[in-house]
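Structure data follow from start25.cif (mmCIF, C-alpha atoms):
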data_entry
loop_
_atom_site.label_atom_id
_atom_site.label_comp_id
_atom_site.auth_asym_id
_atom_site.auth_seq_id
_atom_site.Cartn_x
_atom_site.Cartn_y
_atom_site.Cartn_z
CA MET A 1 0.00 0.00 0.00
CA PRO A 2 1.55 3.33 -1.02
CA ASN A 3 2.18 5.96 1.58
CA PRO A 4 -0.23 8.85 1.95
CA VAL A 5 0.62 11.89 -0.12
CA TRP A 6 1.52 14.78 2.15
CA ILE A 7 0.85 17.97 0.27
CA SER A 8 1.09 21.38 1.83
CA LEU A 9 -2.44 22.75 1.94
CA THR A 10 -2.16 26.49 2.23
CA PHE A 11 -5.60 27.38 0.91
CA LYS A 12 -9.10 27.04 2.26
CA TYR A 13 -12.24 26.07 0.43
CA ASN A 14 -14.29 29.23 0.02
CA LEU A 15 -17.82 28.88 -1.26
CA ASP A 16 -18.49 32.62 -1.34
CA HIS A 17 -15.86 33.94 -3.74
CA LYS A 18 -17.06 36.98 -5.64
CA TYR A 19 -17.19 36.30 -9.35
CA SER A 20 -14.71 38.15 -11.53
CA ASP A 21 -16.13 40.36 -14.25
CA SER A 22 -13.36 39.56 -16.70
CA VAL A 23 -14.50 37.72 -19.81
CA ASN A 24 -11.99 35.36 -21.37
CA ASN A 25 -13.46 33.13 -24.03
CA LYS A 26 -10.09 33.22 -25.80
CA ALA A 27 -8.73 30.98 -23.07
CA LEU A 28 -11.47 28.44 -23.72
CA ASN A 29 -10.84 28.53 -27.45
CA LYS A 30 -7.12 28.05 -26.86
CA SER A 31 -7.79 25.06 -24.63
CA LYS A 32 -9.36 23.23 -27.58
CA HIS A 33 -5.98 23.08 -29.27
CA THR A 34 -3.42 23.04 -26.47
CA THR A 35 -2.93 21.45 -23.09
CA ASP A 36 -0.97 24.27 -21.43
CA ASN A 37 -4.08 26.28 -20.55
CA ASP A 38 -6.51 23.52 -19.85
CA GLU A 39 -7.37 23.31 -16.16
CA PHE A 40 -10.60 25.06 -15.18
CA TYR A 41 -11.90 24.50 -11.65
CA THR A 42 -15.68 24.71 -11.34
CA TYR A 43 -17.41 26.76 -8.65
CA TYR A 44 -19.15 24.92 -5.84
CA LYS A 45 -22.35 26.92 -6.35
CA ASP A 46 -22.58 25.91 -10.00
CA ILE A 47 -21.98 22.27 -9.10
CA ALA A 48 -24.66 22.28 -6.40
CA LEU A 49 -27.18 24.03 -8.63
CA GLU A 50 -26.94 21.21 -11.20
CA VAL A 51 -26.05 18.07 -9.23
CA ASP A 52 -28.81 18.61 -6.66
CA ASN A 53 -31.28 17.66 -9.42
CA TYR A 54 -29.93 14.11 -9.63
CA ALA A 55 -29.90 13.18 -5.94
CA SER A 56 -32.45 10.37 -6.33
CA GLN A 57 -30.49 8.88 -9.24
CA LEU A 58 -27.21 9.02 -7.31
CA LYS A 59 -28.48 7.28 -4.18
CA GLY A 60 -26.52 4.10 -3.49
CA LYS A 61 -24.06 4.79 -6.33
CA HIS A 62 -20.29 4.73 -6.59
CA ILE A 63 -19.27 8.21 -7.76
CA TYR A 64 -16.00 8.74 -9.62
CA CYS A 65 -14.53 12.18 -10.28
CA ASN A 66 -11.77 11.14 -12.68
CA CYS A 67 -10.25 14.58 -13.39
CA ASP A 68 -10.32 15.98 -9.87
CA ASN A 69 -7.56 16.88 -7.46
CA PRO A 70 -9.01 15.85 -4.07
CA TYR A 71 -7.70 19.05 -2.47
CA LEU A 72 -8.77 21.54 -5.13
CA SER A 73 -11.88 20.03 -6.68
CA GLN A 74 -15.18 21.49 -5.59
CA PHE A 75 -16.85 18.35 -6.98
CA VAL A 76 -15.06 16.36 -4.29
CA LEU A 77 -16.01 18.91 -1.66
CA TYR A 78 -19.65 18.83 -2.78
CA PHE A 79 -19.86 15.04 -2.52
CA ILE A 80 -18.13 15.03 0.87
CA ARG A 81 -20.63 17.59 2.16
CA ASN A 82 -23.57 15.64 0.71
CA PHE A 83 -22.33 12.05 1.07
CA LYS A 84 -24.90 10.96 3.63
CA LYS A 85 -27.66 13.29 2.42
CA ILE A 86 -27.60 11.71 -1.03
CA GLY A 87 -26.82 8.25 0.31
CA LEU A 88 -23.70 7.54 -1.74
CA LYS A 89 -22.06 4.13 -1.72
CA SER A 90 -18.57 5.50 -2.27
CA LEU A 91 -16.64 8.51 -3.57
CA THR A 92 -13.47 8.30 -5.63
CA SER A 93 -11.33 10.95 -7.29
CA THR A 94 -8.14 10.79 -9.30
CA CYS A 95 -6.10 13.47 -11.00
CA LEU A 96 -3.08 14.07 -13.16
CA ASN A 97 -0.06 14.84 -10.99
CA ASN A 98 3.41 14.05 -12.37
CA PRO A 99 5.08 11.75 -11.74
CA HIS A 100 2.41 10.08 -9.60
CA GLY A 101 -1.30 10.84 -9.74
CA LEU A 102 -3.47 11.26 -6.66
CA TYR A 103 -6.07 8.72 -5.58
CA PHE A 104 -8.81 9.44 -3.04
CA HIS A 105 -11.42 6.83 -2.14
CA VAL A 106 -13.88 6.53 0.75
CA THR A 107 -16.92 4.40 1.50
CA ASP A 108 -18.02 6.35 4.54
CA ILE A 109 -17.56 9.85 5.91
CA PRO A 110 -17.96 10.73 9.60
CA GLN A 111 -20.71 13.22 10.32
CA SER A 112 -18.17 15.34 12.17
CA ILE A 113 -16.25 15.78 8.92
CA ILE A 114 -19.38 16.53 6.89
CA ASP A 115 -20.31 19.20 9.43
CA GLY A 116 -16.72 20.35 9.90
CA ASN A 117 -14.98 23.44 8.64
CA SER A 118 -12.81 23.67 5.54
CA LEU A 119 -9.62 22.80 7.37
CA ASP A 120 -11.21 19.70 8.96
CA ILE A 121 -12.27 18.46 5.53
CA MET A 122 -8.89 19.13 3.93
CA MET A 123 -6.92 17.35 6.64
CA TRP A 124 -9.30 14.37 6.54
CA THR A 125 -9.10 14.22 2.74
CA LYS A 126 -5.32 14.36 3.01
CA LYS A 127 -5.27 11.28 5.22
CA HIS A 128 -7.30 9.31 2.69
CA THR A 129 -5.26 10.23 -0.39
CA VAL A 130 -2.45 8.07 -1.76
CA GLU A 131 -0.22 8.08 -4.81
CA LEU A 132 -1.00 6.11 -7.93
CA ASN A 133 1.69 4.22 -9.81
CA GLY A 134 1.01 6.25 -12.97
CA ASN A 135 0.46 9.96 -13.45
CA GLY A 136 -3.30 9.84 -12.79
CA GLY A 137 -4.48 10.87 -16.24
CA PHE A 138 -7.96 9.54 -16.95
CA GLN A 139 -6.64 7.62 -19.97
CA THR A 140 -4.06 5.61 -18.01
CA PRO A 141 -4.72 1.86 -17.51
CA GLU A 142 -4.79 2.43 -13.75
CA CYS A 143 -7.60 4.97 -13.94
CA GLN A 144 -9.47 2.95 -16.55
CA GLN A 145 -9.53 0.06 -14.08
CA ILE A 146 -11.00 2.38 -11.45
CA LEU A 147 -13.56 3.54 -14.02
CA LYS A 148 -14.82 -0.03 -14.39
CA THR A 149 -15.78 -0.14 -10.70
CA CYS A 150 -17.87 3.04 -10.56
CA ASP A 151 -21.51 3.76 -11.42
CA VAL A 152 -21.48 7.46 -12.32
CA VAL A 153 -18.70 9.78 -13.48
CA ILE A 154 -19.13 13.45 -12.56
CA THR A 155 -16.39 15.95 -13.35
CA ASN A 156 -15.09 18.83 -15.45
CA PRO A 157 -12.54 17.24 -17.81
CA PRO A 158 -9.85 19.17 -19.70
CA PHE A 159 -11.57 20.90 -22.62
CA SER A 160 -8.86 19.89 -25.09
CA LEU A 161 -9.37 16.21 -24.20
CA PHE A 162 -13.13 16.26 -23.87
CA ARG A 163 -13.87 14.04 -26.88
CA ASP A 164 -11.36 11.45 -25.66
CA TRP A 165 -12.92 11.60 -22.20
CA TYR A 166 -16.40 11.18 -23.65
CA ASP A 167 -15.47 8.19 -25.80
CA LEU A 168 -13.74 6.50 -22.85
CA VAL A 169 -16.65 6.90 -20.43
CA LYS A 170 -19.18 5.95 -23.11
CA SER A 171 -17.27 2.79 -24.06
CA ALA A 172 -17.21 1.83 -20.37
CA GLY A 173 -21.02 2.06 -20.32
CA LYS A 174 -21.13 4.49 -17.42
CA LYS A 175 -23.63 7.17 -16.47
CA TYR A 176 -22.10 10.62 -16.47
CA LEU A 177 -22.71 14.28 -15.71
CA VAL A 178 -20.03 16.58 -17.06
CA VAL A 179 -19.24 20.22 -17.75
CA ALA A 180 -18.86 20.76 -21.50
CA ASN A 181 -18.42 23.39 -24.16
CA MET A 182 -21.59 23.64 -26.25
CA ASN A 183 -19.75 23.61 -29.57
CA THR A 184 -18.01 20.38 -28.64
CA CYS A 185 -21.44 18.80 -28.27
CA LEU A 186 -21.83 19.19 -32.05
CA SER A 187 -18.81 16.99 -32.74
CA ALA A 188 -19.49 13.78 -34.65
CA ASN A 189 -19.48 11.32 -31.74
CA ILE A 190 -21.53 13.42 -29.32
CA SER A 191 -24.06 14.91 -31.77
CA ALA A 192 -25.10 11.43 -32.91
CA ASP A 193 -25.87 10.47 -29.30
CA ILE A 194 -27.91 13.64 -28.84
CA VAL A 195 -30.01 12.91 -31.94
CA GLU A 196 -30.57 9.33 -30.77
CA GLY A 197 -31.57 10.45 -27.28
CA LYS A 198 -28.55 8.85 -25.63
CA ALA A 199 -27.14 12.19 -24.43
CA ARG A 200 -28.74 15.50 -23.50
CA PHE A 201 -28.08 18.83 -21.85
CA GLY A 202 -28.47 18.89 -18.08
CA CYS A 203 -31.16 20.52 -15.98
CA ALA A 204 -29.94 24.11 -16.43
CA THR A 205 -32.52 25.87 -18.60
CA THR A 206 -30.39 28.67 -20.06
CA ASN A 207 -26.99 29.28 -21.59
CA ARG A 208 -25.36 30.37 -18.37
CA VAL A 209 -22.02 32.12 -18.13
CA TYR A 210 -19.81 30.05 -15.86
CA TYR A 211 -16.91 31.22 -13.74
CA PHE A 212 -13.82 29.06 -13.33
CA TRP A 213 -10.60 29.18 -11.37
CA ARG A 214 -7.47 28.61 -13.39
CA SER A 215 -5.16 27.42 -10.61
CA SER A 216 -6.80 27.06 -7.17
CA PRO A 217 -9.96 28.05 -5.31
CA THR A 218 -8.20 30.97 -3.64
CA SER A 219 -6.38 32.37 -6.64
CA ASN A 220 -7.37 35.59 -8.36
CA ASP A 221 -6.81 33.89 -11.71
CA ARG A 222 -10.51 33.47 -12.49
CA LEU A 223 -12.23 33.38 -15.85
CA LYS A 224 -15.75 34.09 -16.99
CA ILE A 225 -16.68 31.79 -19.86
CA GLY A 226 -19.88 31.55 -21.88
CA TYR A 227 -21.24 28.76 -24.07
CA ILE A 228 -20.94 26.23 -21.25
CA CYS A 229 -23.43 23.45 -20.60
CA TRP A 230 -23.85 20.28 -18.58
CA LEU A 231 -23.98 17.08 -20.63
CA THR A 232 -25.46 13.86 -19.26
CA ASN A 233 -27.05 10.53 -20.08
CA MET A 234 -29.07 10.53 -16.88
CA LYS A 235 -32.72 11.51 -16.68
CA THR A 236 -33.47 15.22 -16.67
CA VAL A 237 -36.62 17.24 -16.12
CA VAL A 238 -37.34 19.83 -18.80
CA LYS A 239 -40.17 22.32 -18.46
CA PRO A 240 -42.43 22.46 -21.56
CA PHE A 241 -41.37 25.08 -24.08
CA ILE A 242 -44.50 26.38 -25.76
CA PRO A 243 -43.92 28.38 -28.99
CA THR A 244 -46.60 31.03 -29.48
CA VAL A 245 -45.32 32.83 -32.59
CA LYS A 246 -47.76 32.75 -35.48
CA ARG A 247 -45.96 34.04 -38.54
CA SER A 248 -46.14 33.34 -42.23
CA ILE A 249 -43.52 30.84 -43.33
CA SER A 250 -42.59 33.33 -46.04
CA ASP A 251 -41.14 35.47 -43.24
CA TYR A 252 -38.41 32.87 -42.76
CA THR A 253 -35.44 32.21 -45.04
CA THR A 254 -34.47 28.69 -46.09
CA TYR A 255 -31.03 27.16 -46.19
CA ASP A 256 -29.51 26.88 -49.64
CA GLY A 257 -30.59 23.74 -51.50
CA THR A 258 -33.20 22.80 -48.87
CA MET A 259 -36.75 23.53 -47.79
CA ILE A 260 -35.61 23.86 -44.18
CA ILE A 261 -36.34 27.23 -42.61
CA LYS A 262 -33.84 29.05 -40.43
CA VAL A 263 -35.17 30.18 -37.06
CA PRO A 264 -32.58 32.63 -35.64
CA LYS A 265 -33.99 32.70 -32.10
CA LEU A 266 -35.93 30.21 -30.01
CA ALA A 267 -38.61 32.81 -29.40
CA GLN A 268 -39.26 32.82 -33.16
CA ILE A 269 -40.08 29.11 -33.50
CA PRO A 270 -43.40 29.11 -35.37
CA ALA A 271 -46.28 27.44 -33.57
CA GLY A 272 -47.61 24.35 -35.30
CA TYR A 273 -45.22 24.36 -38.27
CA LYS A 274 -45.12 20.94 -39.94
CA GLY A 275 -41.73 21.13 -41.61
CA VAL A 276 -38.12 20.92 -40.43
CA MET A 277 -36.53 23.96 -38.79
CA GLY A 278 -32.93 24.94 -38.11
CA VAL A 279 -32.62 26.39 -34.61
CA PRO A 280 -29.67 27.56 -32.42
CA ILE A 281 -27.85 25.00 -30.28
CA THR A 282 -29.33 26.72 -27.20
CA PHE A 283 -32.50 24.83 -28.10
CA LEU A 284 -30.98 21.84 -26.30
CA PHE A 285 -31.58 23.64 -23.00
CA LYS A 286 -35.31 23.57 -23.80
CA HIS A 287 -35.63 20.27 -25.65
CA ASN A 288 -38.51 18.09 -24.55
CA PRO A 289 -38.74 14.91 -26.67
CA ALA A 290 -42.50 14.85 -26.16
CA GLN A 291 -42.72 18.18 -28.02
CA PHE A 292 -39.93 18.15 -30.57
CA LYS A 293 -37.93 15.55 -32.44
CA ILE A 294 -34.30 16.27 -33.28
CA VAL A 295 -33.78 15.01 -36.83
CA GLY A 296 -30.17 16.06 -37.28
CA PHE A 297 -27.65 18.88 -37.40
CA ALA A 298 -26.36 21.35 -39.94
CA SER A 299 -22.64 21.58 -39.33
CA HIS A 300 -20.20 20.53 -42.05
CA GLY A 301 -22.46 18.17 -43.97
CA LYS A 302 -20.12 15.23 -43.45
CA ASP A 303 -19.42 14.65 -39.74
CA ASN A 304 -21.84 11.72 -39.39
CA LYS A 305 -25.11 10.47 -40.84
CA TYR A 306 -27.05 13.13 -38.91
CA ASP A 307 -24.98 16.05 -40.22
CA MET A 308 -27.32 16.91 -43.08
CA PHE A 309 -25.59 19.85 -44.77
CA SER A 310 -23.27 22.81 -44.33
CA PRO A 311 -25.55 25.75 -43.47
CA HIS A 312 -25.51 28.55 -46.05
CA ILE A 313 -28.08 31.13 -47.12
CA ASN A 314 -27.54 32.91 -50.42
CA GLY A 315 -24.04 31.52 -50.41
CA LYS A 316 -23.18 32.99 -47.01
CA GLU A 317 -22.10 30.62 -44.27
CA GLN A 318 -24.42 30.45 -41.25
CA TYR A 319 -23.97 29.31 -37.68
CA LYS A 320 -24.34 25.61 -36.97
CA ALA A 321 -27.93 24.61 -36.29
CA ILE A 322 -29.99 21.83 -34.78
CA LEU A 323 -32.65 20.50 -37.12
CA ILE A 324 -35.99 19.86 -35.41
CA LYS A 325 -39.65 19.30 -36.10
CA TYR A 326 -42.73 18.97 -33.94
CA ALA A 327 -43.17 15.49 -32.54
#
Show how you would write the structure in this file as structure tokens.
Amino acid sequence: MPNPVWISLTFKYNLDHKYSDSVNNKALNKSKHTTDNDEFYTYYKDIALEVDNYASQLKGKHIYCNCDNPYLSQFVLYFIRNFKKIGLKSLTSTCLNNPHGLYFHVTDIPQSIIDGNSLDIMMWTKKHTVELNGNGGFQTPECQQILKTCDVVITNPPFSLFRDWYDLVKSAGKKYLVVANMNTCLSANISADIVEGKARFGCATTNRVYYFWRSSPTSNDRLKIGYICWLTNMKTVVKPFIPTVKRSISDYTTYDGTMIIKVPKLAQIPAGYKGVMGVPITFLFKHNPAQFKIVGFASHGKDNKYDMFSPHINGKEQYKAILIKYA
């Protein structure tokens, strides 16, 4: 059994950080192509706001946070605080940490720790953390073996490796709830699952701007990033979205070479229209399968069998769209 990892813990978990007003979507875009700017720590409040919706589905489950430093991750803190309330079977986290990754695993948490202060939780977590043989990356054989033993994976993976993360967790047949970039959800592997009803946006009902730490929960290096969503294959509850717009179809333009109308905003979805419509990706926050059927996407026209065409109007390229019709 490896020795516990003794790491100097000079910070405290703080659930009441004021959000920075700086907007830095460039950092998110850069993270798609590089790995040197790729760690974004999610706020506790954002985690609680979403994960609270799945409490009944998480009861009695083994939770694995496979991209989470046990000392820095607010996912780990959330599940420690709510371990008994939800009724978890176990909590595991691993993270990349050269040369040896960190491994945290518990099957029970004393009530005194759950009710304790930040320092109590950190010192207790420290005692239950050991080194892995490998570097702790989610793709390592060691972490893939841990993945096989869990029920649900909940985390915020590196944006540049999101597709690899998704394919790995999907191939393992696990339930998941994950922070994602909305554009990534239109990639070939994920968009097909969305069309087939195997993946969906989480319970958040709007395109929220999320705030992330870049280095640690107490750093001032915080970013405000838009176009963020939760992606899951668990059950979600979506309030009915009732279009009320009654406009002539001639008011809408059609995509080149198709009879599919472009609907620029969700509020402009025509009530009762029988044909196929191209709508913004933000529609996925409102999608209720009982109301609308997703028939495909308009992205590049070649990503997968559901990518119907590259969206252009009068020869001018348009934003990617989700293709829907009334159910």
Expressed in Å, the length from CA of Val153 in chain A to CA of Asp115 in chain A is 24.8 Å
Please return as number ranges by chain every residue within 7 Å of (-25.6, 25.9, -35.0), taking into account all atoms listed in the file and the file's own coordinates. A: 280-281, 298-299, 319-322
Could you turn the residues from that selection into a file that holds C-alpha atoms, as a JSON list (two decimals), keeping the file's coordinate frame?
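New file selection-v2.json:
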[["chain", "number", "residue", "atom", "x", "y", "z"],
["A", 280, "PRO", "CA", -29.67, 27.56, -32.42],
["A", 281, "ILE", "CA", -27.85, 25.00, -30.28],
["A", 298, "ALA", "CA", -26.36, 21.35, -39.94],
["A", 299, "SER", "CA", -22.64, 21.58, -39.33],
["A", 319, "TYR", "CA", -23.97, 29.31, -37.68],
["A", 320, "LYS", "CA", -24.34, 25.61, -36.97],
["A", 321, "ALA", "CA", -27.93, 24.61, -36.29],
["A", 322, "ILE", "CA", -29.99, 21.83, -34.78]]
Exercise: Asp193 in chain A partners within 12 Å, all atoms listed in the file, chain neighbours under 3 positions left out, as a PDB file with C-alpha atoms, keeping the file's coordinate frame:
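This went into result-v9.pdb:
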ATOM      1  CA  TYR A 166     -16.400  11.180 -23.650  1.00  0.00           C
ATOM      2  CA  ASP A 167     -15.470   8.190 -25.800  1.00  0.00           C
ATOM      3  CA  LYS A 170     -19.180   5.950 -23.110  1.00  0.00           C
ATOM      4  CA  CYS A 185     -21.440  18.800 -28.270  1.00  0.00           C
ATOM      5  CA  LEU A 186     -21.830  19.190 -32.050  1.00  0.00           C
ATOM      6  CA  SER A 187     -18.810  16.990 -32.740  1.00  0.00           C
ATOM      7  CA  ALA A 188     -19.490  13.780 -34.650  1.00  0.00           C
ATOM      8  CA  ASN A 189     -19.480  11.320 -31.740  1.00  0.00           C
ATOM      9  CA  ILE A 190     -21.530  13.420 -29.320  1.00  0.00           C
ATOM     10  CA  GLU A 196     -30.570   9.330 -30.770  1.00  0.00           C
ATOM     11  CA  GLY A 197     -31.570  10.450 -27.280  1.00  0.00           C
ATOM     12  CA  LYS A 198     -28.550   8.850 -25.630  1.00  0.00           C
ATOM     13  CA  ALA A 199     -27.140  12.190 -24.430  1.00  0.00           C
ATOM     14  CA  ARG A 200     -28.740  15.500 -23.500  1.00  0.00           C
ATOM     15  CA  PHE A 201     -28.080  18.830 -21.850  1.00  0.00           C
ATOM     16  CA  LEU A 231     -23.980  17.080 -20.630  1.00  0.00           C
ATOM     17  CA  THR A 232     -25.460  13.860 -19.260  1.00  0.00           C
ATOM     18  CA  ASN A 233     -27.050  10.530 -20.080  1.00  0.00           C
ATOM     19  CA  ILE A 294     -34.300  16.270 -33.280  1.00  0.00           C
ATOM     20  CA  VAL A 295     -33.780  15.010 -36.830  1.00  0.00           C
ATOM     21  CA  GLY A 296     -30.170  16.060 -37.280  1.00  0.00           C
ATOM     22  CA  PHE A 297     -27.650  18.880 -37.400  1.00  0.00           C
ATOM     23  CA  ASN A 304     -21.840  11.720 -39.390  1.00  0.00           C
ATOM     24  CA  LYS A 305     -25.110  10.470 -40.840  1.00  0.00           C
ATOM     25  CA  TYR A 306     -27.050  13.130 -38.910  1.00  0.00           C
TER      26      TYR A 306
END
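Here CA of Lys239 in chain A is placed at a distance of 11.0 Å from CA of Ala290 in chain A.
Of the listed residues A:Lys246, A:Lys274, A:Lys325, A:Arg163, the one whose atoms come nearest to Asn183 in chain A is A:Arg163, with distances taken using only C-alpha atoms.
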